[in-house]
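Undergrad: Provided herewith is a single structure, encoded as structure tokens, for subsequent inquiry.
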Amino acid sequence: MQIQLPVNVTEEKQIVRLIGFLEKQCLLITLPANLNWQKPVREGDKVIARVFLGRGAFGFTSHISKVIRSPFDYLHLTWPTEFQGLLIRKAPRVKTELAAKVQTASGSVETQVVNLSATGMMLRSTAALGAKGEELAVTLPLALYDVTTELALRGTIKLVNTSKDEAGEFHLSGVEFVNLQPNETLILQSVVHHELGRNPYSVV
């Protein structure tokens, strides 16, 4: 379970465990391990919580009603009055703003990855990347925990669309990855779930 505490305590999102609840009254969660009471949380502090269950991403707002330090550190949270939830695909897809280079039958094209999953992605480009059913090669730099890895992937175009905005006409190409290696799948899954943990509402 991920929580966001007041900025005067920490600006970083924290991982905690739900250790119990009394329906419609309170939730019990562990104290984030890395706080060490240097900037103590206080009763009344607002908490934003996010959690993934099955194929759903859920979020709610609560408040700290009690801080307990014995026999171990944990927090009582008020029962949420409203839950927000989203259904996630079998392979979760998240919004991104990644640059990628695509090699097509016509040459190299600079594109933007507007969403990404472990099985495919949506590419935005000023030039058409090809027709539905055609294959292409993608060079995709991915950053995870400050480590950048460049993947060389192959995919099949499954969707082609053309649209316009204030910058002019652009092309959208839905691509399904083919012949992924296990380590490539693992990296893609890690990037997607890292983004979901950082912002559950980035899901497409």
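Going by the structure tokens order, chains are called A, B, ..., each with residues numbered from 1, while ligands are numbered from 1 in the order shown.
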With only C-alpha atoms as the counted atoms, please give the residues lying no more than 8 Å from A:Thr111, apart from itself and same-chain residues fewer than 4 positions off, as a count of residues only.
TA: 8
Undergrad: Hey, what does DSSP flag as strand (DSSP E or B) within stretch 47-198 of chain A? Can you give it to me as number ranges by chain?
TA: A: 47-53, 56-68, 74-78, 83-87, 94-104, 107-116, 120-125, 135-144, 147-165, 168-178
Undergrad: Select, from A:Thr104, A:Gln112, A:Gln2, A:Gln14, the residue with the minimum atom-to-atom distance to A:Leu196, counting only C-alpha atoms.
TA: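 When distances to A:Leu196 are compared using only C-alpha atoms, the smallest one comes from A:Gln2.
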Undergrad: Compare A:Met122, A:Leu75, A:Cys26, A:Ala137 by their minimum atom-to-atom distance to A:Ala105, counting only C-alpha atoms, and give me the closest one.
TA: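 Closest to A:Ala105 of all the choices is A:Ala137.
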Undergrad: For A:Leu28, find every residue with an atom within 7 Å (counting only C-alpha atoms), except residues of its own chain fewer than 2 positions away, and show them as an NGL selection string.
TA: :A and (18-21 or 26 or 74-77)
Undergrad: Figure out the distance between atom CA of A:Val113 and atom CA of A:Gly59, please, to one decimal in Å.
TA: 26.2 Å
Undergrad: Select from chain A everything DSSP, run on the backbone, classes as helix (DSSP H, G or I), then give the selection as a list in words.
TA: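 Filtering chain A down to helix (DSSP H, G or I) leaves Pro182, Asn183, Glu184, Thr185, Leu186, Ile187, Leu188, Gln189, Ser190, Val191, Val192, His193, His194, Glu195, Leu196, Gly197, Arg198, Pro200, Tyr201 and Ser202 of chain A.
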Undergrad: Limited to all heavy atoms, could you put the picked residues into a file as a short mmCIF file (atom, residue, chain, number, x, y, z; two decimals), in the first residue's frame?
TA:
data_model
loop_
_atom_site.label_atom_id
_atom_site.label_comp_id
_atom_site.auth_asym_id
_atom_site.auth_seq_id
_atom_site.Cartn_x
_atom_site.Cartn_y
_atom_site.Cartn_z
N PRO A 182 12.70 -12.68 -22.07
CA PRO A 182 12.24 -12.57 -20.67
C PRO A 182 12.75 -11.32 -19.96
O PRO A 182 12.01 -10.68 -19.20
CB PRO A 182 12.78 -13.85 -20.02
CG PRO A 182 12.85 -14.82 -21.15
CD PRO A 182 13.25 -14.01 -22.36
N ASN A 183 14.02 -10.96 -20.19
CA ASN A 183 14.56 -9.77 -19.51
C ASN A 183 13.91 -8.49 -20.03
O ASN A 183 13.72 -7.53 -19.28
CB ASN A 183 16.08 -9.70 -19.67
CG ASN A 183 16.51 -9.47 -21.11
OD1 ASN A 183 16.08 -10.21 -22.00
ND2 ASN A 183 17.34 -8.47 -21.36
N GLU A 184 13.53 -8.47 -21.31
CA GLU A 184 12.85 -7.31 -21.88
C GLU A 184 11.45 -7.16 -21.27
O GLU A 184 11.04 -6.06 -20.91
CB GLU A 184 12.77 -7.42 -23.39
CG GLU A 184 14.13 -7.36 -24.08
CD GLU A 184 14.08 -7.72 -25.55
OE1 GLU A 184 13.12 -8.40 -25.97
OE2 GLU A 184 15.00 -7.31 -26.29
N THR A 185 10.75 -8.28 -21.15
CA THR A 185 9.43 -8.26 -20.52
C THR A 185 9.54 -7.77 -19.08
O THR A 185 8.72 -6.96 -18.62
CB THR A 185 8.79 -9.65 -20.56
OG1 THR A 185 8.62 -10.06 -21.91
CG2 THR A 185 7.44 -9.66 -19.87
N LEU A 186 10.54 -8.25 -18.37
CA LEU A 186 10.73 -7.86 -16.97
C LEU A 186 10.99 -6.37 -16.85
O LEU A 186 10.42 -5.69 -15.98
CB LEU A 186 11.88 -8.65 -16.35
CG LEU A 186 12.20 -8.36 -14.88
CD1 LEU A 186 10.99 -8.66 -14.01
CD2 LEU A 186 13.42 -9.16 -14.43
N ILE A 187 11.82 -5.82 -17.71
CA ILE A 187 12.11 -4.38 -17.68
C ILE A 187 10.86 -3.58 -17.99
O ILE A 187 10.54 -2.60 -17.29
CB ILE A 187 13.24 -4.04 -18.67
CG1 ILE A 187 14.55 -4.64 -18.21
CG2 ILE A 187 13.37 -2.52 -18.83
CD1 ILE A 187 15.67 -4.56 -19.23
N LEU A 188 10.11 -3.98 -19.00
CA LEU A 188 8.88 -3.26 -19.36
C LEU A 188 7.87 -3.32 -18.22
O LEU A 188 7.26 -2.30 -17.87
CB LEU A 188 8.28 -3.87 -20.62
CG LEU A 188 9.04 -3.60 -21.93
CD1 LEU A 188 8.55 -4.53 -23.03
CD2 LEU A 188 8.91 -2.14 -22.36
N GLN A 189 7.69 -4.47 -17.62
CA GLN A 189 6.77 -4.60 -16.49
C GLN A 189 7.21 -3.71 -15.32
O GLN A 189 6.37 -3.07 -14.67
CB GLN A 189 6.68 -6.05 -16.04
CG GLN A 189 5.94 -6.96 -17.00
CD GLN A 189 5.99 -8.42 -16.57
OE1 GLN A 189 6.90 -8.84 -15.85
NE2 GLN A 189 5.02 -9.19 -17.01
N SER A 190 8.50 -3.68 -15.06
CA SER A 190 9.01 -2.87 -13.95
C SER A 190 8.77 -1.39 -14.19
O SER A 190 8.37 -0.66 -13.27
CB SER A 190 10.51 -3.14 -13.76
OG SER A 190 10.75 -4.48 -13.44
N VAL A 191 9.00 -0.93 -15.41
CA VAL A 191 8.77 0.48 -15.74
C VAL A 191 7.30 0.84 -15.59
O VAL A 191 6.95 1.86 -15.00
CB VAL A 191 9.27 0.79 -17.16
CG1 VAL A 191 8.82 2.18 -17.61
CG2 VAL A 191 10.78 0.70 -17.23
N VAL A 192 6.42 -0.03 -16.10
CA VAL A 192 4.98 0.23 -16.02
C VAL A 192 4.52 0.26 -14.57
O VAL A 192 3.80 1.17 -14.15
CB VAL A 192 4.20 -0.82 -16.82
CG1 VAL A 192 2.70 -0.72 -16.53
CG2 VAL A 192 4.45 -0.65 -18.31
N HIS A 193 4.93 -0.71 -13.77
CA HIS A 193 4.47 -0.76 -12.38
C HIS A 193 5.10 0.33 -11.53
O HIS A 193 4.49 0.82 -10.58
CB HIS A 193 4.74 -2.14 -11.78
CG HIS A 193 3.76 -3.18 -12.24
ND1 HIS A 193 3.97 -3.96 -13.36
CD2 HIS A 193 2.54 -3.54 -11.76
CE1 HIS A 193 2.94 -4.77 -13.53
NE2 HIS A 193 2.07 -4.52 -12.59
N HIS A 194 6.31 0.75 -11.89
CA HIS A 194 6.91 1.89 -11.19
C HIS A 194 6.08 3.14 -11.44
O HIS A 194 5.82 3.92 -10.51
CB HIS A 194 8.35 2.09 -11.68
CG HIS A 194 9.03 3.27 -11.07
ND1 HIS A 194 9.42 3.32 -9.75
CD2 HIS A 194 9.36 4.49 -11.60
CE1 HIS A 194 9.97 4.49 -9.49
NE2 HIS A 194 9.94 5.21 -10.59
N GLU A 195 5.64 3.34 -12.66
CA GLU A 195 4.82 4.50 -12.99
C GLU A 195 3.45 4.40 -12.32
O GLU A 195 2.92 5.40 -11.84
CB GLU A 195 4.66 4.63 -14.51
CG GLU A 195 3.82 5.82 -14.96
CD GLU A 195 4.38 7.16 -14.52
OE1 GLU A 195 5.60 7.26 -14.29
OE2 GLU A 195 3.58 8.11 -14.38
N LEU A 196 2.89 3.19 -12.27
CA LEU A 196 1.61 3.01 -11.58
C LEU A 196 1.75 3.30 -10.09
O LEU A 196 0.85 3.88 -9.48
CB LEU A 196 1.10 1.58 -11.79
CG LEU A 196 0.41 1.28 -13.12
CD1 LEU A 196 0.14 -0.21 -13.24
CD2 LEU A 196 -0.88 2.07 -13.25
N GLY A 197 2.86 2.89 -9.51
CA GLY A 197 3.08 3.19 -8.10
C GLY A 197 3.25 4.67 -7.84
O GLY A 197 2.80 5.20 -6.84
N ARG A 198 3.92 5.34 -8.77
CA ARG A 198 4.13 6.79 -8.63
C ARG A 198 2.84 7.55 -8.87
O ARG A 198 2.56 8.54 -8.20
CB ARG A 198 5.19 7.23 -9.63
CG ARG A 198 5.73 8.64 -9.42
CD ARG A 198 6.77 8.96 -10.47
NE ARG A 198 6.18 9.07 -11.79
CZ ARG A 198 5.61 10.17 -12.25
NH1 ARG A 198 5.53 11.25 -11.49
NH2 ARG A 198 5.09 10.19 -13.46
N PRO A 200 -1.04 6.18 -9.84
CA PRO A 200 -2.01 5.17 -10.30
C PRO A 200 -2.97 5.67 -11.36
O PRO A 200 -3.50 4.90 -12.13
CB PRO A 200 -2.76 4.81 -9.01
CG PRO A 200 -1.84 5.16 -7.93
CD PRO A 200 -1.08 6.36 -8.39
N TYR A 201 -3.18 6.99 -11.41
CA TYR A 201 -4.15 7.52 -12.36
C TYR A 201 -3.52 7.82 -13.72
O TYR A 201 -4.15 8.44 -14.58
CB TYR A 201 -4.83 8.74 -11.77
CG TYR A 201 -5.59 8.36 -10.52
CD1 TYR A 201 -5.06 8.65 -9.26
CD2 TYR A 201 -6.77 7.64 -10.60
CE1 TYR A 201 -5.73 8.26 -8.11
CE2 TYR A 201 -7.42 7.25 -9.46
CZ TYR A 201 -6.90 7.56 -8.21
OH TYR A 201 -7.56 7.14 -7.08
N SER A 202 -2.28 7.34 -13.91
CA SER A 202 -1.68 7.43 -15.25
C SER A 202 -2.11 6.26 -16.11
O SER A 202 -1.78 6.19 -17.28
CB SER A 202 -0.15 7.44 -15.15
OG SER A 202 0.33 6.20 -14.66
#
Undergrad: Given only C-alpha atoms as the basis, pick out the residue of A:Lys164, A:Met1, A:Asn115, A:Glu135 nearest to A:Ala57.
TA: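 Checking each of A:Lys164, A:Met1, A:Asn115, A:Glu135 against A:Ala57, counting only C-alpha atoms, the winner is A:Met1.
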Undergrad: Need the shell around stretch 169-177 of chain A: protein/DNA/RNA residues with any atom at most 6 Å away, counting only C-alpha atoms. Skip same-chain ones fewer than 4 positions apart. Format as a list in words?
TA: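 Skipping anything fewer than 4 positions along the chain leaves Thr119, Gly120, Met121, Met122, Leu123, Arg124, Ser125, Thr126, Ala128, Arg154, Gly155, Thr156, Ile157, Lys158, Leu159, Val160, Asn161, Thr162, Ser163 and Lys164 of chain A.
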Undergrad: Could you tell me how far atom CA of A:Val67 sits from atom CA of A:Val47, in Å to one decimal place?
TA: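 Computed distance, atom CA of A:Val47 to atom CA of A:Val67, equals 13.1 Å.
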Undergrad: Rounded to one decimal in Å, what is the spacing between atom CA of A:Ala167 and atom CA of A:Ser117?
TA: 26.6 Å
Undergrad: Counting only C-alpha atoms, which residue out of A:Lys132, A:Asp73, A:Thr96, A:Asn199 sits closest to A:Ile48?
TA: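 Checking each of A:Lys132, A:Asp73, A:Thr96, A:Asn199 against A:Ile48, counting only C-alpha atoms, the winner is A:Asn199.
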